[in-house]
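J.: Below is the structure I would like to discuss, written out as structure tokens.
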Amino acid sequence: MATADLLLHPVRMRILQALFETDPLTTAQLRERLPDIAPATMYRHIAVLAESGVLEVADERRVRGTVERSYRVRKEEATVDPDARAAMTREDHLRSYSTFAASLMGDFDRYLAHPDADPHADGVVYQQAAVWLTDEEFAVMLKEIQHAVLSRTGGERDGGRRRRVVSLVVVPDEPTGSA
């Protein structure tokens, strides 16, 4: 498992999000999906992710005298270790959450930039709900949500399926012990 600093860097997070649950992509294909990232920056962050074991080379082929690599995410390495997460400071969490939220905004901006974007027809959902749960009920709910999402990952790409990115944010209204 990787560190929060490694995974929650704004550029690396966007690279990982572009690669999650998709066919392996070359750096050129990633640059097409993330055109605002400078080529040198893209190559540098892909190298960091590959050296750390978060990305792996899925394929290599010769193209005009150079080697073109396709990358995929190693899911088991692309999560922050629970112990590392527990050791994060409040400032670390704020920085990480800000990066995550900015990444969501960037994804939505890119989606809306497509001329054919139709949020209603495409099933775009963003909503918030408050639930009153004990810690045990909350743990069950999280497991149910994780199961609902994770049981659907790894599906085959075919004519009727589209890649959809599901993000989950859970924030308590008050810290533990303040009730």
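Simple scheme: letters A, B, ... for chains in structure tokens order, numbers from 1 for residues in each chain, numbers from 1 for ligands in the order shown.
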As number ranges by chain, list the residues of chain A assigned to helix (DSSP H, G or I) by DSSP on the backbone atoms of this structure.

T.: A: 4-7, 10-19, 27-33, 39-51, 75-77, 82-86, 90-113, 135-150

J.: Output as CSV one row per residue of range 15-97 of chain A within 10 Å of range 104-115 of chain A: the closest atom pair and its distance in Å to one decimal place, counting only C-alpha atoms, sorted by chain and residue number ascending.

T.:
residue,atom,partner,partner_atom,distance
A:Gln17,CA,A:Asp107,CA,9.0
A:Ala18,CA,A:Asp107,CA,9.4
A:Arg33,CA,A:Arg110,CA,9.0
A:Leu34,CA,A:Arg110,CA,8.9

J.: Name the closest residue to Asp81 in chain A among the candidates A:Arg95, A:Ser103, A:Thr3, A:Val57; distances are taken between atoms, counting only C-alpha atoms.

T.: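 The shortest atom-to-atom distance to Asp81 in chain A comes from A:Thr3.
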
J.: Residues near His9 in chain A, anyone? I mean within 10 Å using only C-alpha atoms, not counting same-chain ones fewer than 3 positions away, as a PyMOL selection string.

T.: chain A and resi 4-6+12-15+45+95-96+99-100

J.: Tell me which of A:Asp83, A:Glu21, A:Asp36, A:Glu60 sits closest to Arg157 in chain A, counting only C-alpha atoms.

T.: A:Glu21

J.: Could you please write out, as a list in words, every residue of chain A that DSSP assigns to strand (DSSP E)?

T.: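 Here are the strand (DSSP E) residues of chain A: Leu25, Thr26, Leu55, Glu56, Val57, Ala58, Asp59, Glu60, Arg61, Arg62, Val63, Thr66, Val67, Glu68, Arg69, Ser70, Tyr71, Arg72 and Val73 of chain A.
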
J.: Compare A:Gln128, A:Ser151, A:Thr176, A:Thr26 by their minimum atom-to-atom distance to Arg61 in chain A, counting only C-alpha atoms, and give me the closest one.

T.: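 Distance minimum relative to Arg61 in chain A lands on A:Thr26.
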
J.: Just checking: using only C-alpha atoms, which residue out of A:Met141, A:Gly65, A:Thr22, A:Ala86 ends up closest to Arg164 in chain A?

T.: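 Closest residue, counting only C-alpha atoms: A:Thr22.
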
J.: Would you list the contacts of Leu49 in chain A as a compact mmCIF listing (two decimals) with N, CA and C atoms, in the first residue's frame, taking every protein, DNA or RNA residue within 9 Å and counting only C-alpha atoms, but skipping same-chain residues closer than 3 positions in sequence?

T.:
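New file out10.txt:
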# COMPACT_ATOMS: atom_id res chain seq x y z
N LEU A 6 1.99 10.08 -1.62
CA LEU A 6 2.17 9.55 -2.96
C LEU A 6 0.87 9.59 -3.75
N LEU A 7 -0.21 9.09 -3.17
CA LEU A 7 -1.47 8.94 -3.89
C LEU A 7 -2.29 10.22 -4.00
N ARG A 12 -0.93 13.09 -9.61
CA ARG A 12 -0.94 11.62 -9.53
C ARG A 12 -2.35 11.10 -9.30
N LEU A 16 -4.25 8.41 -11.73
CA LEU A 16 -4.86 7.17 -11.22
C LEU A 16 -6.34 7.10 -11.55
N ARG A 44 6.97 12.55 -15.44
CA ARG A 44 7.59 12.49 -14.12
C ARG A 44 6.69 11.78 -13.11
N HIS A 45 5.40 12.10 -13.11
CA HIS A 45 4.49 11.51 -12.13
C HIS A 45 4.16 10.05 -12.47
N ILE A 46 4.12 9.71 -13.74
CA ILE A 46 3.95 8.30 -14.11
C ILE A 46 5.16 7.51 -13.62
N SER A 52 7.03 3.26 -7.53
CA SER A 52 6.46 2.90 -6.22
C SER A 52 5.63 1.63 -6.28
N GLY A 53 5.37 1.12 -7.50
CA GLY A 53 4.59 -0.10 -7.65
C GLY A 53 3.09 0.12 -7.74
N VAL A 54 2.64 1.37 -7.77
CA VAL A 54 1.21 1.66 -7.89
C VAL A 54 0.75 1.43 -9.33
N LEU A 55 1.62 1.78 -10.28
CA LEU A 55 1.35 1.47 -11.69
C LEU A 55 2.28 0.34 -12.12
N GLU A 56 1.77 -0.46 -13.04
CA GLU A 56 2.62 -1.49 -13.63
C GLU A 56 2.53 -1.38 -15.14

J.: Between A:Leu150, A:Val11, A:Lys143, A:Glu136, single out the one closest to Lys75 in chain A, counting only C-alpha atoms.

T.: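 Among A:Leu150, A:Val11, A:Lys143, A:Glu136, it is A:Leu150 that comes nearest to Lys75 in chain A.
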
J.: Pick the closest to Glu156 in chain A from A:Ala121, A:Asp23, A:Gln127, A:Leu133: which is it, counting only C-alpha atoms?

T.: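 Selected residue with least distance to Glu156 in chain A: A:Asp23.
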
J.: Could you tell me how far CA of Glu144 in chain A lies from CA of Pro82 in chain A, in Å and to one decimal?

T.: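 That distance, rounded to one decimal, is 19.2 Å.
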
J.: Would you mind reading off the distance between CA of Pro35 in chain A and CA of Glu68 in chain A, one decimal, in Å?

T.: 18.5 Å

J.: Could you give me, as a PyMOL selection string, the residues within 10 Å of Thr153 in chain A, counting only C-alpha atoms and dropping anything in the same chain fewer than 5 positions from it?

T.: chain A and resi 20-21+148+163

J.: What is the CA of Thr89 in chain A to CA of His147 in chain A distance in Å?

T.: 28.9 Å
